[in-house]
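Enquirer: I am sharing protein-v3.cif, which consists of mmCIF, N, CA and C atoms:
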```cif
data_input
#
loop_
_atom_site.label_atom_id
_atom_site.label_comp_id
_atom_site.auth_asym_id
_atom_site.auth_seq_id
_atom_site.Cartn_x
_atom_site.Cartn_y
_atom_site.Cartn_z
N SER Q 327 -39.06 160.25 156.78
CA SER Q 327 -37.66 160.36 157.17
C SER Q 327 -36.81 160.21 155.93
N GLY Q 328 -36.54 161.29 155.22
CA GLY Q 328 -35.81 161.27 153.97
C GLY Q 328 -34.31 161.18 154.15
N ALA Q 329 -33.83 161.07 155.39
CA ALA Q 329 -32.38 161.01 155.62
C ALA Q 329 -31.83 159.68 155.14
N THR Q 330 -30.68 159.74 154.49
CA THR Q 330 -30.05 158.52 154.02
C THR Q 330 -29.07 158.02 155.07
N GLN Q 331 -28.86 156.72 155.09
CA GLN Q 331 -27.92 156.13 156.01
C GLN Q 331 -26.50 156.45 155.57
N PRO Q 332 -25.60 156.66 156.51
CA PRO Q 332 -24.21 156.88 156.12
C PRO Q 332 -23.65 155.63 155.46
N SER Q 333 -22.72 155.82 154.55
CA SER Q 333 -22.13 154.70 153.84
C SER Q 333 -21.30 153.85 154.79
N ARG Q 334 -21.25 152.58 154.52
CA ARG Q 334 -20.42 151.68 155.29
C ARG Q 334 -19.01 151.63 154.72
N TRP Q 335 -18.71 152.48 153.77
CA TRP Q 335 -17.42 152.48 153.11
C TRP Q 335 -16.28 152.52 154.13
N SER Q 336 -16.40 153.32 155.18
CA SER Q 336 -15.33 153.39 156.18
C SER Q 336 -15.21 152.05 156.91
N ASP Q 337 -16.32 151.36 157.14
CA ASP Q 337 -16.29 150.05 157.79
C ASP Q 337 -15.59 149.03 156.91
N VAL Q 338 -15.88 149.07 155.62
CA VAL Q 338 -15.26 148.15 154.67
C VAL Q 338 -13.75 148.36 154.67
N ARG Q 339 -13.33 149.61 154.66
CA ARG Q 339 -11.90 149.92 154.61
C ARG Q 339 -11.18 149.50 155.89
N GLN Q 340 -11.89 149.41 157.01
CA GLN Q 340 -11.26 149.01 158.27
C GLN Q 340 -10.71 147.60 158.19
N LEU Q 341 -11.32 146.72 157.41
CA LEU Q 341 -10.83 145.35 157.28
C LEU Q 341 -9.40 145.32 156.77
N ARG Q 342 -9.04 146.28 155.93
CA ARG Q 342 -7.68 146.31 155.38
C ARG Q 342 -6.65 146.52 156.49
N ARG Q 343 -7.06 147.05 157.59
CA ARG Q 343 -6.13 147.36 158.67
C ARG Q 343 -5.94 146.21 159.65
N ILE Q 344 -6.67 145.15 159.48
CA ILE Q 344 -6.53 143.99 160.37
C ILE Q 344 -5.23 143.28 160.01
N GLU Q 345 -4.29 143.30 160.93
CA GLU Q 345 -3.01 142.67 160.65
C GLU Q 345 -3.17 141.15 160.65
N GLY Q 346 -2.38 140.51 159.82
CA GLY Q 346 -2.40 139.06 159.76
C GLY Q 346 -3.29 138.49 158.68
N LEU Q 347 -4.18 139.30 158.14
CA LEU Q 347 -5.00 138.81 157.03
C LEU Q 347 -4.18 138.91 155.76
N GLY Q 348 -3.95 137.80 155.12
CA GLY Q 348 -3.25 137.82 153.85
C GLY Q 348 -4.19 138.27 152.74
N HIS Q 349 -3.64 138.44 151.56
CA HIS Q 349 -4.46 138.86 150.41
C HIS Q 349 -5.63 137.91 150.18
N GLU Q 350 -5.36 136.62 150.25
CA GLU Q 350 -6.39 135.63 149.94
C GLU Q 350 -7.55 135.68 150.93
N LEU Q 351 -7.22 135.76 152.22
CA LEU Q 351 -8.27 135.79 153.24
C LEU Q 351 -9.07 137.09 153.18
N LEU Q 352 -8.37 138.20 152.99
CA LEU Q 352 -9.05 139.48 152.89
C LEU Q 352 -9.98 139.51 151.67
N GLU Q 353 -9.50 139.00 150.55
CA GLU Q 353 -10.34 138.92 149.36
C GLU Q 353 -11.54 138.02 149.60
N ALA Q 354 -11.35 136.92 150.31
CA ALA Q 354 -12.46 136.00 150.61
C ALA Q 354 -13.53 136.68 151.45
N VAL Q 355 -13.11 137.47 152.43
CA VAL Q 355 -14.07 138.18 153.29
C VAL Q 355 -14.87 139.18 152.46
N TYR Q 356 -14.17 139.97 151.65
CA TYR Q 356 -14.86 140.94 150.79
C TYR Q 356 -15.78 140.23 149.81
N TRP Q 357 -15.30 139.14 149.21
CA TRP Q 357 -16.10 138.40 148.23
C TRP Q 357 -17.38 137.88 148.86
N ARG Q 358 -17.27 137.24 150.00
CA ARG Q 358 -18.46 136.68 150.65
C ARG Q 358 -19.49 137.76 150.96
N ASN Q 359 -19.02 138.87 151.51
CA ASN Q 359 -19.94 139.96 151.85
C ASN Q 359 -20.59 140.54 150.60
N GLY Q 360 -19.80 140.81 149.57
CA GLY Q 360 -20.33 141.39 148.35
C GLY Q 360 -21.24 140.44 147.60
N ALA Q 361 -20.83 139.17 147.49
CA ALA Q 361 -21.62 138.19 146.75
C ALA Q 361 -22.95 137.90 147.44
N LEU Q 362 -22.95 137.86 148.77
CA LEU Q 362 -24.22 137.63 149.48
C LEU Q 362 -25.19 138.79 149.28
N ARG Q 363 -24.68 140.00 149.27
CA ARG Q 363 -25.55 141.15 149.02
C ARG Q 363 -26.05 141.15 147.58
N TYR Q 364 -25.18 140.76 146.66
CA TYR Q 364 -25.60 140.64 145.27
C TYR Q 364 -26.73 139.61 145.14
N MET Q 365 -26.56 138.43 145.76
CA MET Q 365 -27.58 137.39 145.64
C MET Q 365 -28.90 137.82 146.29
N HIS Q 366 -28.82 138.57 147.39
CA HIS Q 366 -30.03 139.09 148.02
C HIS Q 366 -30.75 140.04 147.04
N ALA Q 367 -29.98 140.96 146.45
CA ALA Q 367 -30.57 141.90 145.49
C ALA Q 367 -31.11 141.15 144.26
N HIS Q 368 -30.39 140.14 143.82
CA HIS Q 368 -30.83 139.34 142.67
C HIS Q 368 -32.17 138.67 142.96
N THR Q 369 -32.30 138.15 144.17
CA THR Q 369 -33.57 137.51 144.58
C THR Q 369 -34.70 138.52 144.57
N ILE Q 370 -34.46 139.71 145.10
CA ILE Q 370 -35.48 140.75 145.11
C ILE Q 370 -35.87 141.15 143.70
N MET Q 371 -34.89 141.34 142.83
CA MET Q 371 -35.17 141.80 141.46
C MET Q 371 -35.89 140.74 140.63
N ASN Q 372 -35.73 139.47 140.98
CA ASN Q 372 -36.35 138.40 140.19
C ASN Q 372 -37.62 137.83 140.82
N GLU Q 373 -38.01 138.37 141.96
CA GLU Q 373 -39.25 137.93 142.58
C GLU Q 373 -40.40 138.69 141.94
N PRO Q 374 -41.38 137.97 141.38
CA PRO Q 374 -42.47 138.66 140.67
C PRO Q 374 -43.16 139.72 141.53
N GLY Q 375 -43.23 140.92 140.99
CA GLY Q 375 -43.92 142.02 141.63
C GLY Q 375 -43.10 142.78 142.67
N ARG Q 376 -42.05 142.18 143.16
CA ARG Q 376 -41.29 142.84 144.22
C ARG Q 376 -40.45 143.99 143.69
N ALA Q 377 -39.82 143.82 142.54
CA ALA Q 377 -39.01 144.90 141.97
C ALA Q 377 -39.87 146.11 141.64
N ALA Q 378 -41.10 145.88 141.21
CA ALA Q 378 -42.00 146.99 140.89
C ALA Q 378 -42.30 147.81 142.15
N GLY Q 379 -42.33 147.17 143.30
CA GLY Q 379 -42.57 147.86 144.57
C GLY Q 379 -41.42 148.76 144.98
N LEU Q 380 -40.25 148.54 144.40
CA LEU Q 380 -39.09 149.37 144.72
C LEU Q 380 -39.11 150.71 144.01
N ALA Q 381 -39.98 150.83 143.00
CA ALA Q 381 -40.04 152.07 142.22
C ALA Q 381 -40.55 153.24 143.06
N ALA Q 382 -41.44 152.96 144.00
CA ALA Q 382 -41.98 154.03 144.85
C ALA Q 382 -41.07 154.27 146.05
N ALA Q 383 -41.00 155.53 146.46
CA ALA Q 383 -40.18 155.88 147.62
C ALA Q 383 -40.74 155.18 148.85
N GLY Q 384 -39.86 154.77 149.73
CA GLY Q 384 -40.29 154.11 150.95
C GLY Q 384 -39.15 153.34 151.58
N ALA Q 385 -39.50 152.64 152.67
CA ALA Q 385 -38.48 151.91 153.43
C ALA Q 385 -37.85 150.79 152.62
N GLU Q 386 -38.66 150.09 151.82
CA GLU Q 386 -38.11 148.99 151.04
C GLU Q 386 -37.13 149.50 149.98
N ARG Q 387 -37.44 150.63 149.37
CA ARG Q 387 -36.54 151.23 148.38
C ARG Q 387 -35.23 151.67 149.03
N ALA Q 388 -35.32 152.29 150.21
CA ALA Q 388 -34.13 152.73 150.93
C ALA Q 388 -33.28 151.53 151.35
N ALA Q 389 -33.92 150.46 151.77
CA ALA Q 389 -33.19 149.25 152.15
C ALA Q 389 -32.49 148.64 150.94
N PHE Q 390 -33.14 148.66 149.79
CA PHE Q 390 -32.52 148.14 148.57
C PHE Q 390 -31.33 149.01 148.18
N GLN Q 391 -31.45 150.32 148.32
CA GLN Q 391 -30.33 151.22 148.03
C GLN Q 391 -29.13 150.88 148.91
N ARG Q 392 -29.37 150.67 150.21
CA ARG Q 392 -28.28 150.31 151.12
C ARG Q 392 -27.65 148.97 150.72
N LEU Q 393 -28.49 148.03 150.32
CA LEU Q 393 -28.02 146.71 149.90
C LEU Q 393 -27.10 146.84 148.68
N VAL Q 394 -27.52 147.63 147.71
CA VAL Q 394 -26.71 147.86 146.51
C VAL Q 394 -25.40 148.55 146.88
N ASP Q 395 -25.47 149.60 147.66
CA ASP Q 395 -24.26 150.34 148.05
C ASP Q 395 -23.27 149.43 148.77
N GLN Q 396 -23.76 148.67 149.73
CA GLN Q 396 -22.88 147.78 150.48
C GLN Q 396 -22.28 146.70 149.58
N GLY Q 397 -23.10 146.12 148.72
CA GLY Q 397 -22.60 145.10 147.81
C GLY Q 397 -21.50 145.62 146.91
N VAL Q 398 -21.72 146.79 146.32
CA VAL Q 398 -20.72 147.39 145.44
C VAL Q 398 -19.46 147.72 146.23
N GLU Q 399 -19.61 148.24 147.44
CA GLU Q 399 -18.45 148.58 148.26
C GLU Q 399 -17.58 147.37 148.54
N PHE Q 400 -18.19 146.26 148.94
CA PHE Q 400 -17.42 145.06 149.23
C PHE Q 400 -16.77 144.49 147.97
N LEU Q 401 -17.49 144.48 146.87
CA LEU Q 401 -16.93 143.93 145.63
C LEU Q 401 -15.78 144.78 145.11
N LEU Q 402 -15.91 146.09 145.19
CA LEU Q 402 -14.81 146.95 144.76
C LEU Q 402 -13.63 146.86 145.72
N ALA Q 403 -13.91 146.64 147.00
CA ALA Q 403 -12.83 146.46 147.97
C ALA Q 403 -12.03 145.20 147.63
N LEU Q 404 -12.72 144.15 147.20
CA LEU Q 404 -12.04 142.93 146.76
C LEU Q 404 -11.06 143.26 145.63
N LEU Q 405 -11.51 144.04 144.68
CA LEU Q 405 -10.67 144.38 143.54
C LEU Q 405 -9.50 145.29 143.90
N ALA Q 406 -9.58 145.97 145.04
CA ALA Q 406 -8.53 146.90 145.44
C ALA Q 406 -7.50 146.28 146.38
N VAL Q 407 -7.69 145.02 146.78
CA VAL Q 407 -6.77 144.39 147.72
C VAL Q 407 -5.36 144.30 147.14
N ARG Q 408 -5.26 143.79 145.92
CA ARG Q 408 -3.95 143.64 145.28
C ARG Q 408 -3.78 144.71 144.21
N LYS Q 409 -2.56 145.11 144.04
CA LYS Q 409 -2.24 146.09 143.00
C LYS Q 409 -2.07 145.36 141.67
N PRO Q 410 -2.49 145.99 140.57
CA PRO Q 410 -2.24 145.38 139.26
C PRO Q 410 -0.74 145.17 139.05
N ILE Q 411 -0.40 144.14 138.32
CA ILE Q 411 1.00 143.82 138.04
C ILE Q 411 1.47 144.67 136.86
N GLU Q 412 2.59 145.31 137.06
CA GLU Q 412 3.16 146.11 135.97
C GLU Q 412 4.15 145.25 135.21
N MET Q 413 3.98 145.19 133.89
CA MET Q 413 4.90 144.44 133.05
C MET Q 413 4.99 145.12 131.70
N ALA Q 414 6.08 144.91 131.06
CA ALA Q 414 6.31 145.53 129.76
C ALA Q 414 5.40 144.90 128.72
N ALA Q 415 5.05 145.70 127.71
CA ALA Q 415 4.25 145.17 126.60
C ALA Q 415 5.01 144.02 125.96
N GLY Q 416 4.31 142.96 125.65
CA GLY Q 416 4.94 141.80 125.03
C GLY Q 416 5.46 140.80 126.05
N GLU Q 417 5.40 141.12 127.33
CA GLU Q 417 5.84 140.20 128.37
C GLU Q 417 4.67 139.29 128.73
N TYR Q 418 4.75 138.04 128.43
CA TYR Q 418 3.64 137.11 128.63
C TYR Q 418 3.88 136.26 129.86
N VAL Q 419 2.80 135.97 130.55
CA VAL Q 419 2.89 135.23 131.79
C VAL Q 419 2.68 133.73 131.55
N VAL Q 420 1.78 133.39 130.68
CA VAL Q 420 1.43 132.00 130.43
C VAL Q 420 2.08 131.55 129.13
N LYS Q 421 2.81 130.45 129.21
CA LYS Q 421 3.47 129.91 128.02
C LYS Q 421 2.39 129.55 126.99
N GLY Q 422 2.58 130.00 125.78
CA GLY Q 422 1.64 129.72 124.72
C GLY Q 422 0.54 130.77 124.59
N ASP Q 423 0.56 131.77 125.44
CA ASP Q 423 -0.44 132.85 125.38
C ASP Q 423 0.09 133.94 124.46
N ALA Q 424 0.13 133.65 123.18
CA ALA Q 424 0.74 134.56 122.20
C ALA Q 424 0.00 135.89 122.11
N GLU Q 425 -1.27 135.91 122.46
CA GLU Q 425 -2.06 137.15 122.37
C GLU Q 425 -1.88 138.02 123.61
N GLY Q 426 -1.27 137.48 124.64
CA GLY Q 426 -1.03 138.26 125.84
C GLY Q 426 -2.26 138.52 126.68
N THR Q 427 -3.28 137.67 126.55
CA THR Q 427 -4.53 137.87 127.29
C THR Q 427 -4.31 137.81 128.80
N SER Q 428 -3.53 136.84 129.26
CA SER Q 428 -3.31 136.72 130.71
C SER Q 428 -2.53 137.93 131.23
N ALA Q 429 -1.56 138.41 130.47
CA ALA Q 429 -0.80 139.59 130.89
C ALA Q 429 -1.71 140.81 130.97
N LEU Q 430 -2.61 140.95 130.01
CA LEU Q 430 -3.55 142.07 130.02
C LEU Q 430 -4.43 142.02 131.27
N LEU Q 431 -4.95 140.84 131.61
CA LEU Q 431 -5.78 140.70 132.81
C LEU Q 431 -5.01 141.06 134.07
N LEU Q 432 -3.77 140.59 134.18
CA LEU Q 432 -2.96 140.89 135.36
C LEU Q 432 -2.63 142.38 135.45
N ARG Q 433 -2.40 143.02 134.31
CA ARG Q 433 -2.13 144.46 134.31
C ARG Q 433 -3.36 145.24 134.74
N GLU Q 434 -4.55 144.69 134.50
CA GLU Q 434 -5.80 145.35 134.89
C GLU Q 434 -6.24 144.98 136.31
N GLY Q 435 -5.47 144.12 136.99
CA GLY Q 435 -5.81 143.76 138.36
C GLY Q 435 -6.79 142.61 138.46
N ILE Q 436 -6.94 141.83 137.41
CA ILE Q 436 -7.82 140.66 137.42
C ILE Q 436 -6.93 139.44 137.64
N PHE Q 437 -7.02 138.86 138.85
CA PHE Q 437 -6.14 137.76 139.22
C PHE Q 437 -6.84 136.40 139.23
N SER Q 438 -8.16 136.39 139.15
CA SER Q 438 -8.88 135.12 139.20
C SER Q 438 -10.28 135.30 138.63
N ASP Q 439 -10.98 134.18 138.51
CA ASP Q 439 -12.37 134.25 138.06
C ASP Q 439 -13.24 135.00 139.06
N THR Q 440 -12.86 134.99 140.33
CA THR Q 440 -13.60 135.72 141.35
C THR Q 440 -13.54 137.22 141.08
N HIS Q 441 -12.41 137.71 140.62
CA HIS Q 441 -12.28 139.13 140.28
C HIS Q 441 -13.22 139.49 139.12
N ILE Q 442 -13.30 138.63 138.13
CA ILE Q 442 -14.20 138.88 136.99
C ILE Q 442 -15.65 138.86 137.46
N LEU Q 443 -16.00 137.89 138.30
CA LEU Q 443 -17.37 137.84 138.84
C LEU Q 443 -17.68 139.07 139.67
N ALA Q 444 -16.70 139.55 140.44
CA ALA Q 444 -16.92 140.75 141.26
C ALA Q 444 -17.24 141.94 140.37
N LEU Q 445 -16.53 142.06 139.25
CA LEU Q 445 -16.83 143.14 138.30
C LEU Q 445 -18.25 143.01 137.75
N MET Q 446 -18.61 141.79 137.38
CA MET Q 446 -19.94 141.55 136.83
C MET Q 446 -21.03 141.83 137.87
N TYR Q 447 -20.84 141.35 139.10
CA TYR Q 447 -21.83 141.56 140.16
C TYR Q 447 -21.98 143.05 140.46
N ALA Q 448 -20.85 143.76 140.60
CA ALA Q 448 -20.92 145.19 140.89
C ALA Q 448 -21.62 145.93 139.77
N GLY Q 449 -21.31 145.55 138.54
CA GLY Q 449 -21.97 146.18 137.39
C GLY Q 449 -23.46 145.93 137.37
N GLU Q 450 -23.86 144.71 137.68
CA GLU Q 450 -25.29 144.39 137.69
C GLU Q 450 -26.01 145.10 138.83
N LEU Q 451 -25.37 145.20 139.99
CA LEU Q 451 -25.97 145.96 141.10
C LEU Q 451 -26.20 147.42 140.68
N CYS Q 452 -25.20 148.00 140.03
CA CYS Q 452 -25.33 149.39 139.58
C CYS Q 452 -26.41 149.51 138.50
N PHE Q 453 -26.52 148.52 137.63
CA PHE Q 453 -27.55 148.54 136.60
C PHE Q 453 -28.93 148.53 137.24
N TRP Q 454 -29.14 147.66 138.23
CA TRP Q 454 -30.44 147.61 138.89
C TRP Q 454 -30.76 148.93 139.57
N ALA Q 455 -29.76 149.51 140.22
CA ALA Q 455 -29.97 150.81 140.88
C ALA Q 455 -30.35 151.86 139.85
N HIS Q 456 -29.65 151.88 138.73
CA HIS Q 456 -29.94 152.84 137.66
C HIS Q 456 -31.34 152.60 137.09
N GLU Q 457 -31.68 151.35 136.90
CA GLU Q 457 -32.99 150.98 136.35
C GLU Q 457 -34.12 151.47 137.27
N LEU Q 458 -33.87 151.50 138.56
CA LEU Q 458 -34.88 151.95 139.54
C LEU Q 458 -34.77 153.44 139.83
N GLY Q 459 -33.80 154.12 139.21
CA GLY Q 459 -33.64 155.55 139.43
C GLY Q 459 -32.97 155.89 140.75
N LEU Q 460 -32.21 154.95 141.29
CA LEU Q 460 -31.50 155.19 142.54
C LEU Q 460 -30.18 155.90 142.24
N PRO Q 461 -29.66 156.67 143.19
CA PRO Q 461 -28.37 157.34 142.96
C PRO Q 461 -27.24 156.33 142.84
N ALA Q 462 -26.16 156.75 142.19
CA ALA Q 462 -25.00 155.87 142.01
C ALA Q 462 -24.39 155.51 143.35
N SER Q 463 -23.83 154.33 143.41
CA SER Q 463 -23.15 153.86 144.61
C SER Q 463 -22.00 154.80 144.95
N VAL Q 464 -21.82 155.06 146.24
CA VAL Q 464 -20.74 155.92 146.72
C VAL Q 464 -19.39 155.32 146.32
N ALA Q 465 -19.22 154.01 146.50
CA ALA Q 465 -17.96 153.36 146.18
C ALA Q 465 -17.68 153.40 144.69
N TRP Q 466 -18.71 153.17 143.88
CA TRP Q 466 -18.53 153.18 142.42
C TRP Q 466 -18.11 154.58 141.97
N ALA Q 467 -18.76 155.60 142.51
CA ALA Q 467 -18.41 156.98 142.14
C ALA Q 467 -16.98 157.29 142.58
N ALA Q 468 -16.57 156.82 143.76
CA ALA Q 468 -15.20 157.05 144.22
C ALA Q 468 -14.19 156.35 143.32
N ARG Q 469 -14.53 155.16 142.87
CA ARG Q 469 -13.61 154.44 141.98
C ARG Q 469 -13.48 155.19 140.65
N ARG Q 470 -14.60 155.69 140.16
CA ARG Q 470 -14.61 156.43 138.89
C ARG Q 470 -13.75 157.69 139.02
N GLU Q 471 -13.78 158.32 140.19
CA GLU Q 471 -13.02 159.55 140.41
C GLU Q 471 -11.58 159.29 140.81
N GLY Q 472 -11.23 158.02 140.99
CA GLY Q 472 -9.87 157.67 141.35
C GLY Q 472 -9.54 157.87 142.82
N THR Q 473 -10.57 157.99 143.67
CA THR Q 473 -10.34 158.21 145.10
C THR Q 473 -10.67 156.96 145.92
N TYR Q 474 -10.86 155.81 145.27
CA TYR Q 474 -11.29 154.61 145.98
C TYR Q 474 -10.17 153.90 146.70
N ALA Q 475 -8.98 153.85 146.13
CA ALA Q 475 -7.89 153.03 146.68
C ALA Q 475 -7.54 153.47 148.09
N ASP Q 476 -7.26 152.52 148.91
CA ASP Q 476 -6.91 152.75 150.30
C ASP Q 476 -5.39 152.81 150.42
N GLU Q 477 -4.81 153.92 150.02
CA GLU Q 477 -3.35 154.01 149.98
C GLU Q 477 -2.84 154.96 151.02
#
```
Output the file's structure as structure tokens, nothing else.

Expert:
Amino acid sequence: SGATQPSRWSDVRQLRRIEGLGHELLEAVYWRNGALRYMHAHTIMNEPGRAAGLAAAGAERAAFQRLVDQGVEFLLALLAVRKPIEMAAGEYVVKGDAEGTSALLLREGIFSDTHILALMYAGELCFWAHELGLPASVAWAARREGTYADE
């Protein structure tokens, strides 16, 4: 059965439509879902002999592909909840931040350490998929093409 499962991307985007969820709660839901899938994949990749079994086509490889896709989708959804802050060059947010590092992070949509971890987790999930020869995540490809935002 070579058919692939449909992406859960539409399911992930449905959470944005739940009224009453503030930015923080919505980000927490996306973070928990994405981080749990990342940790599951991390466990699989670090279990001796198990990652080697993913190299061959089969149900376990397809399940790992779904795990990676879902993890990346939730983590990228977390990053898309809030819009990056627009500010003029030289406008600093943190007193004493002469290099403007905090302003740069806010302009890029990085609002907390969770956002940085989400980027790292999504990147590592994509790396593992690439290492195993799996196709790129649907959500990652959409983000690269600029069609990811739910606007």

Enquirer: What separation in Å, quoted to one decimal, exists between atom C of Asp395 of chain Q and atom C of Arg363 of chain Q?

Expert: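 Rounded to one decimal, the two atoms are 8.8 Å apart.
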
Enquirer: Just so the selection is clear, what residues does the PyMOL selection byres (((chain Q and resi 380 and name CA) around 12) and name CA) cover here, as a PyMOL selection string?

Expert: chain Q and resi 367+370-371+373-379+381-391+454-455+457-460

Enquirer: Using Å and a single decimal, report how far atom N of Ile436 of chain Q sits from atom C of Thr369 of chain Q.

Expert: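 Going from atom C of Thr369 of chain Q over to atom N of Ile436 of chain Q covers 28.9 Å.
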
Enquirer: Using atom CA of Asn359 of chain Q and atom N of Thr440 of chain Q as the two end points, give the distance in Å to one decimal.

Expert: 14.4 Å

Enquirer: Could you tell me which residues the PyMOL selection byres (((chain Q and resi 444 and name CA) around 8) and name CA) returns for this structure, as JSON, numbers by chain?

Expert: {"Q": [357, 360, 361, 401, 402, 404, 405, 440, 441, 442, 443, 445, 446, 447, 448]}

Enquirer: Once you have the residues from the selection above, write them out as a compact mmCIF listing (two decimals), in the coordinates of the input, restricted to N, CA and C atoms.

Expert:
```
# COMPACT_ATOMS: atom_id res chain seq x y z
N TRP Q 357 -15.30 139.14 149.21
CA TRP Q 357 -16.10 138.40 148.23
C TRP Q 357 -17.38 137.88 148.86
N GLY Q 360 -19.80 140.81 149.57
CA GLY Q 360 -20.33 141.39 148.35
C GLY Q 360 -21.24 140.44 147.60
N ALA Q 361 -20.83 139.17 147.49
CA ALA Q 361 -21.62 138.19 146.75
C ALA Q 361 -22.95 137.90 147.44
N LEU Q 401 -17.49 144.48 146.87
CA LEU Q 401 -16.93 143.93 145.63
C LEU Q 401 -15.78 144.78 145.11
N LEU Q 402 -15.91 146.09 145.19
CA LEU Q 402 -14.81 146.95 144.76
C LEU Q 402 -13.63 146.86 145.72
N LEU Q 404 -12.72 144.15 147.20
CA LEU Q 404 -12.04 142.93 146.76
C LEU Q 404 -11.06 143.26 145.63
N LEU Q 405 -11.51 144.04 144.68
CA LEU Q 405 -10.67 144.38 143.54
C LEU Q 405 -9.50 145.29 143.90
N THR Q 440 -12.86 134.99 140.33
CA THR Q 440 -13.60 135.72 141.35
C THR Q 440 -13.54 137.22 141.08
N HIS Q 441 -12.41 137.71 140.62
CA HIS Q 441 -12.28 139.13 140.28
C HIS Q 441 -13.22 139.49 139.12
N ILE Q 442 -13.30 138.63 138.13
CA ILE Q 442 -14.20 138.88 136.99
C ILE Q 442 -15.65 138.86 137.46
N LEU Q 443 -16.00 137.89 138.30
CA LEU Q 443 -17.37 137.84 138.84
C LEU Q 443 -17.68 139.07 139.67
N LEU Q 445 -16.53 142.06 139.25
CA LEU Q 445 -16.83 143.14 138.30
C LEU Q 445 -18.25 143.01 137.75
N MET Q 446 -18.61 141.79 137.38
CA MET Q 446 -19.94 141.55 136.83
C MET Q 446 -21.03 141.83 137.87
N TYR Q 447 -20.84 141.35 139.10
CA TYR Q 447 -21.83 141.56 140.16
C TYR Q 447 -21.98 143.05 140.46
N ALA Q 448 -20.85 143.76 140.60
CA ALA Q 448 -20.92 145.19 140.89
C ALA Q 448 -21.62 145.93 139.77
```
